[in-house]
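Chemist: Right, I'll just put the structure down here and ask away after.
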Amino acid sequence: SVLESFPRMVRDLAHELNKQVHLTITGGDTEVDRSVLEQIKAPLTHLLRNSIDHGIETPEERIAAGKSAEGHITVSAAQRGSSIVIEVQDDGRGIDSAAVRTGAIQRGVVEGAEAERMSEHDLLWLIFRSGMSTRTKVTDISGRGVGLDVVRDHVERLRGYIDVASVPGQGTRFSLHLPLSVATTLCLIVESRATLFAIPASNVFRVKRIQRHEIGRAEGRDVVRIGDQVLALHDLATLLAIPAPSSPVLADGAVYALMLGIADQRVAIAVDAVHEVQELVVKPLPAPLGHVPHIAGASNLGTGAITLVLNAADVVRTAIQGIPHASIAPEMAAPAMDEEAAQARAAPSTILVADDSFTTRSLERNILETAGYTVRVAADGMEAWLLLQREPVDLVVSDVMMPHMTGFELTSRIRGDKRLGNLPVVLVTAQESPQDREQGLAAGADAYLVKSAFDQDNLLTTIGRLI
């Protein structure tokens with residue numbers, strides 16, 4: 001494991017700095033792609049050195065602060081869905097946000113007025129900017145102004161992101177969110193000003209088709225409601241500095257809003273069209289294009305077309321740090337929405353998607369959410385059945401061949417249940433023989449769609465007919 005070399009390094013560095021440090025490692029057996037492991041050792045090493053040098057106090061300082069003489073650092077790794085989260089946490093002095101603000105202003109990273117308006121979290125994010133350091137004394141360990149920005153770049157090249165939380169006097173936690181594998185990345189293909197882009201699906205939380213009248217205005221920005229959140233709405237093409245078209249973005253009356261996020265930060269990004277979800281092999285851009293803002297790499301879509309893969313963390317940061325802008329629908333912009341107006345709107349129908357293929361599940365979810373439905377997902381028939389016991393839904397879209405409970409068995413259970421008996425069921429499956437179709441309809445399915453001839457319009461038409 002990549003974590004095995006850390007105890008000795010921590011012990012040697014603590015001795016060099018006359019500090020007492022105890023290292024705890026958990027989750028070292030978490031399975032992750034070897035290529036990811038090889039590339040995270042350097043950033044993890046840097047974070048550990050940073051914790052020992054910047055974070056952990058000397059024994060005398062710790063005792064004076066009412067702590068034990070020995071500092072504690074924990075490195076933990078855990079799988080969360082299709083990602084691995086690695087955390088480096090210490091119980092040291094924490095990050096002085098006032099010192100970060102002062103250092104950022106002195107180095108010209110931000111203007112004074114902008115720094116004063118920043119939240120605590122945004123101030124902490126400044127430590128990942130090039131040239132930033134809160135250390136006044138240069139040492140051989142850290143404080144040379146080449147540091148956490150390199151860690152951030154390293155993590156983002158792996159199509160992950162890093163976050164930080166800190167409490168003065170109590171310690172700091174760095175969280176690295178990384179894909180389990182860098183061989184392929186599940187991406188949502190979108191279009192903005194006649195240009196296709198791929199966005200890692202792990203950063204896309206919702207997709208919603210919005211009309212002009214749904215865009216409000218607050219504090220000089222467009223805003224839109226997605227689910228229970230009102231978010232600033234940013235035009236993707238504007239963020240990427242793509243030349244403006246001859247016609248307005250909302251010329252046809254609607255755009256798609258993507259709820260894009262990293263850590264706990266969310267923004268809404270407007271695009272002209274949402275196409276599909278694909279597993280892509282992402283290649284880094286060749287020199288000298290390796291560090292183009294907002295771009296993580298490029299990929300072949302399979303049609304021969306090459307598309308750029310966006311760095312979601314970069315896009316979110318640019319959106320959050322951006323300035324108020326002109327409305328993308330100025331002639332139709334409505335006042336900012338309030339809670340009562342939002343709640344007065346009719347709730348969308350809820351659809352349960354059951355499929356053991358993550359790719360298919362994500363594709364169907366994005367199609368349905370784009371069409372305005374609320375979507376729940378299940379990884380197999382049994383999980384879907386248990387969810388149906390807890391939550392009301394208006395329709396089920398299910399695969400047939402799934403572990404634990406097939407789509408046929410799920411449909412039969414639904415039809416035999418007094419409460420759920422009339423719930424519409426659509427089977428979407430690779431099983432296309434007449435016998436399979438007859439078995440599905442005999443089990444009680446309302447519709448039977450074959451994946452080899454899958455068409456999203458057919459799916460939406462079928463659902464619209466049944467709900």
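Order determines the names: the first chain of the structure tokens is A, the second B, and so forth; residues in each chain are numbered 1 upward, and ligands are numbered 1 upward as they are shown.
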Excluding same-chain residues fewer than 6 positions from Pro403 of chain A, what lies within 8 Å of it counting only C-alpha atoms, as a ChimeraX atom specification?
Modeler: /A:356,380-381
Chemist: So that I can check the surroundings of segment 419-435 of chain A, please list as a list in words every protein, DNA and RNA residue that reaches within 7 Å of it, counting only C-alpha atoms and ignoring chain neighbours fewer than 3 positions away.
Modeler: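 My list of contacting residues is Asp394, Leu395, Val396, Val397, Ser398, Asp399, Val400, Thr411, Ile414, Arg415, Gly416, Glu438, Gln439, Ala445, Asp446, Ala447, Tyr448, Leu449, Val450, Lys451, Ser452 and Leu466 of chain A.
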Chemist: Quick one: everything within 8 Å of segment 86-103 of chain A, counting only C-alpha atoms, minus sequence neighbours fewer than 5 positions away in the same chain. Send it as an mmCIF file with N, CA and C atoms, in the first residue's frame.
Modeler:
```cif
data_model
loop_
_atom_site.group_PDB
_atom_site.id
_atom_site.type_symbol
_atom_site.label_atom_id
_atom_site.label_comp_id
_atom_site.auth_asym_id
_atom_site.auth_seq_id
_atom_site.Cartn_x
_atom_site.Cartn_y
_atom_site.Cartn_z
ATOM 1 N N LEU A 44 0.112 13.254 -0.924
ATOM 2 C CA LEU A 44 -0.106 12.841 0.462
ATOM 3 C C LEU A 44 1.127 13.108 1.317
ATOM 4 N N LEU A 47 1.153 16.744 2.146
ATOM 5 C CA LEU A 47 0.171 17.099 3.177
ATOM 6 C C LEU A 47 0.644 16.669 4.565
ATOM 7 N N LEU A 48 1.262 15.512 4.652
ATOM 8 C CA LEU A 48 1.780 15.061 5.946
ATOM 9 C C LEU A 48 2.906 15.965 6.440
ATOM 10 N N SER A 51 1.373 19.079 7.697
ATOM 11 C CA SER A 51 0.739 18.924 9.010
ATOM 12 C C SER A 51 1.771 18.938 10.135
ATOM 13 N N GLY A 55 1.182 22.422 11.230
ATOM 14 C CA GLY A 55 0.056 22.169 12.114
ATOM 15 C C GLY A 55 0.421 21.783 13.529
ATOM 16 N N ILE A 56 1.144 20.699 13.683
ATOM 17 C CA ILE A 56 1.463 20.192 15.018
ATOM 18 C C ILE A 56 2.420 21.139 15.747
ATOM 19 N N GLU A 57 2.073 21.495 16.975
ATOM 20 C CA GLU A 57 2.899 22.396 17.771
ATOM 21 C C GLU A 57 4.028 21.616 18.458
ATOM 22 N N GLY A 71 1.355 15.181 19.458
ATOM 23 C CA GLY A 71 0.353 15.520 18.455
ATOM 24 C C GLY A 71 -0.143 14.274 17.741
ATOM 25 N N HIS A 72 -1.321 14.374 17.154
ATOM 26 C CA HIS A 72 -1.923 13.225 16.477
ATOM 27 C C HIS A 72 -2.280 13.586 15.039
ATOM 28 N N ILE A 73 -1.885 12.720 14.123
ATOM 29 C CA ILE A 73 -2.255 12.853 12.715
ATOM 30 C C ILE A 73 -2.924 11.552 12.294
ATOM 31 N N THR A 74 -4.057 11.672 11.625
ATOM 32 C CA THR A 74 -4.778 10.499 11.129
ATOM 33 C C THR A 74 -4.875 10.565 9.614
ATOM 34 N N VAL A 75 -4.495 9.485 8.963
ATOM 35 C CA VAL A 75 -4.692 9.343 7.519
ATOM 36 C C VAL A 75 -5.715 8.233 7.323
ATOM 37 N N SER A 76 -6.834 8.557 6.683
ATOM 38 C CA SER A 76 -7.888 7.561 6.483
ATOM 39 C C SER A 76 -8.258 7.488 5.012
ATOM 40 N N ALA A 77 -8.611 6.294 4.573
ATOM 41 C CA ALA A 77 -9.046 6.084 3.189
ATOM 42 C C ALA A 77 -10.334 5.277 3.213
ATOM 43 N N ALA A 78 -11.310 5.693 2.406
ATOM 44 C CA ALA A 78 -12.587 4.982 2.361
ATOM 45 C C ALA A 78 -13.214 5.157 0.989
ATOM 46 N N ALA A 115 -11.001 40.368 -0.431
ATOM 47 C CA ALA A 115 -10.615 39.507 0.689
ATOM 48 C C ALA A 115 -11.516 39.736 1.895
ATOM 49 N N GLU A 116 -11.918 40.981 2.127
ATOM 50 C CA GLU A 116 -12.774 41.287 3.272
ATOM 51 C C GLU A 116 -14.158 40.671 3.117
ATOM 52 N N GLU A 120 -15.142 32.343 5.533
ATOM 53 C CA GLU A 120 -14.028 31.594 6.109
ATOM 54 C C GLU A 120 -13.579 30.477 5.172
ATOM 55 N N LEU A 123 -11.645 31.863 2.249
ATOM 56 C CA LEU A 123 -10.300 32.265 2.678
ATOM 57 C C LEU A 123 -9.381 31.045 2.779
ATOM 58 N N LEU A 124 -9.901 29.962 3.334
ATOM 59 C CA LEU A 124 -9.084 28.756 3.435
ATOM 60 C C LEU A 124 -8.678 28.253 2.055
ATOM 61 N N LEU A 126 -7.803 29.912 -0.377
ATOM 62 C CA LEU A 126 -6.687 30.692 -0.930
ATOM 63 C C LEU A 126 -5.344 30.006 -0.717
ATOM 64 N N ILE A 127 -5.241 29.106 0.257
ATOM 65 C CA ILE A 127 -3.953 28.448 0.488
ATOM 66 C C ILE A 127 -3.575 27.538 -0.673
ATOM 67 N N MET A 132 1.091 31.058 -2.304
ATOM 68 C CA MET A 132 0.536 31.304 -0.974
ATOM 69 C C MET A 132 1.242 30.475 0.088
ATOM 70 N N SER A 133 1.495 31.104 1.245
ATOM 71 C CA SER A 133 2.013 30.421 2.430
ATOM 72 C C SER A 133 1.735 31.309 3.623
ATOM 73 N N THR A 134 1.321 30.696 4.721
ATOM 74 C CA THR A 134 1.097 31.477 5.948
ATOM 75 C C THR A 134 2.338 31.473 6.816
ATOM 76 N N SER A 166 -10.816 23.698 8.851
ATOM 77 C CA SER A 166 -9.880 23.973 9.938
ATOM 78 C C SER A 166 -10.563 24.749 11.051
ATOM 79 N N VAL A 167 -10.185 24.429 12.282
ATOM 80 C CA VAL A 167 -10.653 25.159 13.458
ATOM 81 C C VAL A 167 -9.423 25.623 14.229
ATOM 82 N N PRO A 168 -9.233 26.943 14.382
ATOM 83 C CA PRO A 168 -8.057 27.443 15.108
ATOM 84 C C PRO A 168 -7.934 26.799 16.485
ATOM 85 N N GLY A 169 -6.749 26.319 16.788
ATOM 86 C CA GLY A 169 -6.490 25.696 18.072
ATOM 87 C C GLY A 169 -6.876 24.238 18.168
ATOM 88 N N GLN A 170 -7.619 23.739 17.169
ATOM 89 C CA GLN A 170 -8.083 22.346 17.233
ATOM 90 C C GLN A 170 -7.527 21.470 16.119
ATOM 91 N N GLY A 171 -7.205 22.055 14.977
ATOM 92 C CA GLY A 171 -6.608 21.242 13.926
ATOM 93 C C GLY A 171 -7.176 21.505 12.549
ATOM 94 N N THR A 172 -6.676 20.737 11.584
ATOM 95 C CA THR A 172 -7.010 20.913 10.174
ATOM 96 C C THR A 172 -7.244 19.552 9.530
ATOM 97 N N ARG A 173 -8.191 19.522 8.584
ATOM 98 C CA ARG A 173 -8.448 18.295 7.830
ATOM 99 C C ARG A 173 -8.420 18.600 6.334
ATOM 100 N N PHE A 174 -7.570 17.891 5.603
ATOM 101 C CA PHE A 174 -7.550 17.949 4.145
ATOM 102 C C PHE A 174 -8.234 16.694 3.613
ATOM 103 N N SER A 175 -9.145 16.867 2.672
ATOM 104 C CA SER A 175 -9.878 15.740 2.092
ATOM 105 C C SER A 175 -9.609 15.671 0.597
ATOM 106 N N LEU A 176 -9.101 14.533 0.138
ATOM 107 C CA LEU A 176 -8.846 14.306 -1.278
ATOM 108 C C LEU A 176 -9.923 13.370 -1.816
ATOM 109 N N HIS A 177 -10.669 13.830 -2.813
ATOM 110 C CA HIS A 177 -11.704 13.017 -3.445
ATOM 111 C C HIS A 177 -11.188 12.599 -4.818
#
```
Chemist: With DSSP run on the backbone, what are the alpha helix (DSSP H) residues within segment 92-188 of chain A? I'd like them as an MDAnalysis selection string.
Modeler: chainID A and resid 97:106 112:117 120:125 148:157
Chemist: Need to verify the contact set: segment 5-10 of chain A, 9 Å, only C-alpha atoms, exclusion of same-chain residues closer than 5 positions in sequence. Can you return it as a VMD selection string?
Modeler: chain A and resid 15 21 to 25 45 48 to 49 52
Chemist: Since we have the selection now, will you write its residues out, keeping N, CA and C atoms, as an mmCIF file, in the first residue's frame?
Modeler:
```
data_model
loop_
_atom_site.group_PDB
_atom_site.id
_atom_site.type_symbol
_atom_site.label_atom_id
_atom_site.label_comp_id
_atom_site.auth_asym_id
_atom_site.auth_seq_id
_atom_site.Cartn_x
_atom_site.Cartn_y
_atom_site.Cartn_z
ATOM 1 N N HIS A 15 11.150 13.917 14.556
ATOM 2 C CA HIS A 15 12.410 13.955 15.308
ATOM 3 C C HIS A 15 13.250 15.151 14.876
ATOM 4 N N VAL A 21 4.882 13.164 17.506
ATOM 5 C CA VAL A 21 3.737 12.960 16.615
ATOM 6 C C VAL A 21 3.385 11.481 16.553
ATOM 7 N N HIS A 22 2.111 11.185 16.752
ATOM 8 C CA HIS A 22 1.610 9.812 16.603
ATOM 9 C C HIS A 22 0.756 9.756 15.340
ATOM 10 N N LEU A 23 1.069 8.815 14.435
ATOM 11 C CA LEU A 23 0.343 8.666 13.172
ATOM 12 C C LEU A 23 -0.573 7.449 13.237
ATOM 13 N N THR A 24 -1.841 7.653 12.864
ATOM 14 C CA THR A 24 -2.808 6.560 12.764
ATOM 15 C C THR A 24 -3.262 6.446 11.316
ATOM 16 N N ILE A 25 -3.250 5.234 10.781
ATOM 17 C CA ILE A 25 -3.685 4.996 9.401
ATOM 18 C C ILE A 25 -4.850 4.020 9.422
ATOM 19 N N THR A 45 2.293 12.845 0.752
ATOM 20 C CA THR A 45 3.535 13.136 1.468
ATOM 21 C C THR A 45 3.626 14.617 1.793
ATOM 22 N N LEU A 48 1.262 15.512 4.652
ATOM 23 C CA LEU A 48 1.780 15.061 5.946
ATOM 24 C C LEU A 48 2.906 15.965 6.440
ATOM 25 N N ARG A 49 3.829 16.321 5.551
ATOM 26 C CA ARG A 49 4.915 17.225 5.936
ATOM 27 C C ARG A 49 4.344 18.574 6.370
ATOM 28 N N ILE A 52 2.891 18.242 9.920
ATOM 29 C CA ILE A 52 3.918 18.180 10.964
ATOM 30 C C ILE A 52 4.589 19.534 11.150
#
```
Chemist: If you run DSSP on the backbone here, which positions in segment 20-214 of chain A get strand (DSSP E or B)? Please write them as a PyMOL selection string.
Modeler: chain A and resi 21-26+71-80+83-90+161-167+171-179+185-192+195-200+204-211
Chemist: Show which residues sit within 10 Å of Ile40 of chain A, as JSON, numbers by chain. Count only C-alpha atoms, and ignore same-chain residues fewer than 2 positions away.
Modeler: {"A": [2, 3, 35, 36, 37, 38, 42, 43, 44, 45, 86, 151, 154, 155, 158, 176, 178]}
Chemist: With N, CA and C atoms retained, export the selected residues as a PDB file, in the first residue's frame.
Modeler:
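Output contents, as saved in selection11.pdb:
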```
ATOM      1  N   VAL A   2       0.349   2.304  -0.635  1.00  0.00           N
ATOM      2  CA  VAL A   2       1.081   3.569  -0.699  1.00  0.00           C
ATOM      3  C   VAL A   2       1.244   4.180   0.689  1.00  0.00           C
ATOM      4  N   LEU A   3       0.394   3.787   1.640  1.00  0.00           N
ATOM      5  CA  LEU A   3       0.432   4.367   2.983  1.00  0.00           C
ATOM      6  C   LEU A   3       1.509   3.750   3.876  1.00  0.00           C
ATOM      7  N   SER A  35      -2.690   2.833 -10.727  1.00  0.00           N
ATOM      8  CA  SER A  35      -2.190   4.084 -11.312  1.00  0.00           C
ATOM      9  C   SER A  35      -2.573   5.284 -10.464  1.00  0.00           C
ATOM     10  N   VAL A  36      -3.733   5.206  -9.783  1.00  0.00           N
ATOM     11  CA  VAL A  36      -4.121   6.277  -8.869  1.00  0.00           C
ATOM     12  C   VAL A  36      -3.205   6.265  -7.653  1.00  0.00           C
ATOM     13  N   LEU A  37      -2.965   5.073  -7.105  1.00  0.00           N
ATOM     14  CA  LEU A  37      -2.089   4.953  -5.937  1.00  0.00           C
ATOM     15  C   LEU A  37      -0.717   5.552  -6.194  1.00  0.00           C
ATOM     16  N   GLU A  38      -0.160   5.238  -7.369  1.00  0.00           N
ATOM     17  CA  GLU A  38       1.189   5.705  -7.685  1.00  0.00           C
ATOM     18  C   GLU A  38       1.259   7.224  -7.738  1.00  0.00           C
ATOM     19  N   ALA A  42       2.883  11.432  -3.763  1.00  0.00           N
ATOM     20  CA  ALA A  42       3.545  12.736  -3.625  1.00  0.00           C
ATOM     21  C   ALA A  42       2.653  13.765  -2.934  1.00  0.00           C
ATOM     22  N   PRO A  43       1.386  13.952  -3.371  1.00  0.00           N
ATOM     23  CA  PRO A  43       0.551  14.929  -2.656  1.00  0.00           C
ATOM     24  C   PRO A  43       0.271  14.545  -1.210  1.00  0.00           C
ATOM     25  N   LEU A  44       0.112  13.254  -0.924  1.00  0.00           N
ATOM     26  CA  LEU A  44      -0.106  12.841   0.462  1.00  0.00           C
ATOM     27  C   LEU A  44       1.127  13.108   1.317  1.00  0.00           C
ATOM     28  N   THR A  45       2.293  12.845   0.752  1.00  0.00           N
ATOM     29  CA  THR A  45       3.535  13.136   1.468  1.00  0.00           C
ATOM     30  C   THR A  45       3.626  14.617   1.793  1.00  0.00           C
ATOM     31  N   ILE A  86      -9.616  10.275   0.706  1.00  0.00           N
ATOM     32  CA  ILE A  86      -8.470  10.151   1.604  1.00  0.00           C
ATOM     33  C   ILE A  86      -8.378  11.435   2.418  1.00  0.00           C
ATOM     34  N   VAL A 151      -0.160  20.439  -4.783  1.00  0.00           N
ATOM     35  CA  VAL A 151      -1.018  19.340  -4.346  1.00  0.00           C
ATOM     36  C   VAL A 151      -2.359  19.411  -5.069  1.00  0.00           C
ATOM     37  N   HIS A 154      -2.038  18.412  -8.687  1.00  0.00           N
ATOM     38  CA  HIS A 154      -1.814  16.971  -8.799  1.00  0.00           C
ATOM     39  C   HIS A 154      -3.137  16.218  -8.679  1.00  0.00           C
ATOM     40  N   VAL A 155      -3.934  16.591  -7.698  1.00  0.00           N
ATOM     41  CA  VAL A 155      -5.218  15.927  -7.479  1.00  0.00           C
ATOM     42  C   VAL A 155      -6.159  16.167  -8.653  1.00  0.00           C
ATOM     43  N   LEU A 158      -5.750  14.117 -11.684  1.00  0.00           N
ATOM     44  CA  LEU A 158      -6.362  12.793 -11.533  1.00  0.00           C
ATOM     45  C   LEU A 158      -7.883  12.871 -11.619  1.00  0.00           C
ATOM     46  N   LEU A 176      -9.101  14.533   0.138  1.00  0.00           N
ATOM     47  CA  LEU A 176      -8.846  14.306  -1.278  1.00  0.00           C
ATOM     48  C   LEU A 176      -9.923  13.370  -1.816  1.00  0.00           C
ATOM     49  N   LEU A 178     -11.011  11.302  -5.023  1.00  0.00           N
ATOM     50  CA  LEU A 178     -10.376  10.800  -6.234  1.00  0.00           C
ATOM     51  C   LEU A 178     -11.199   9.673  -6.843  1.00  0.00           C
TER      52      LEU A 178
END
```
Chemist: Return the single residue from A:Thr350, A:Ser192, A:Gln211, A:Asn203 that is closest to Ala270 of chain A, with distances computed using only C-alpha atoms.
Modeler: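 Using only C-alpha atoms, Ala270 of chain A sits closest to A:Ser192.
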Chemist: Quick one: residues within 6 Å of Ala201 of chain A, only C-alpha atoms counted, chain neighbours fewer than 5 positions away excluded, as a PyMOL selection string?
Modeler: chain A and resi 186-188
Chemist: Please compute the atom CA of Gly302 of chain A-atom CA of Ala194 of chain A distance, one decimal, in Å.
Modeler: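 Between atom CA of Gly302 of chain A and atom CA of Ala194 of chain A the gap works out to 18.5 Å.
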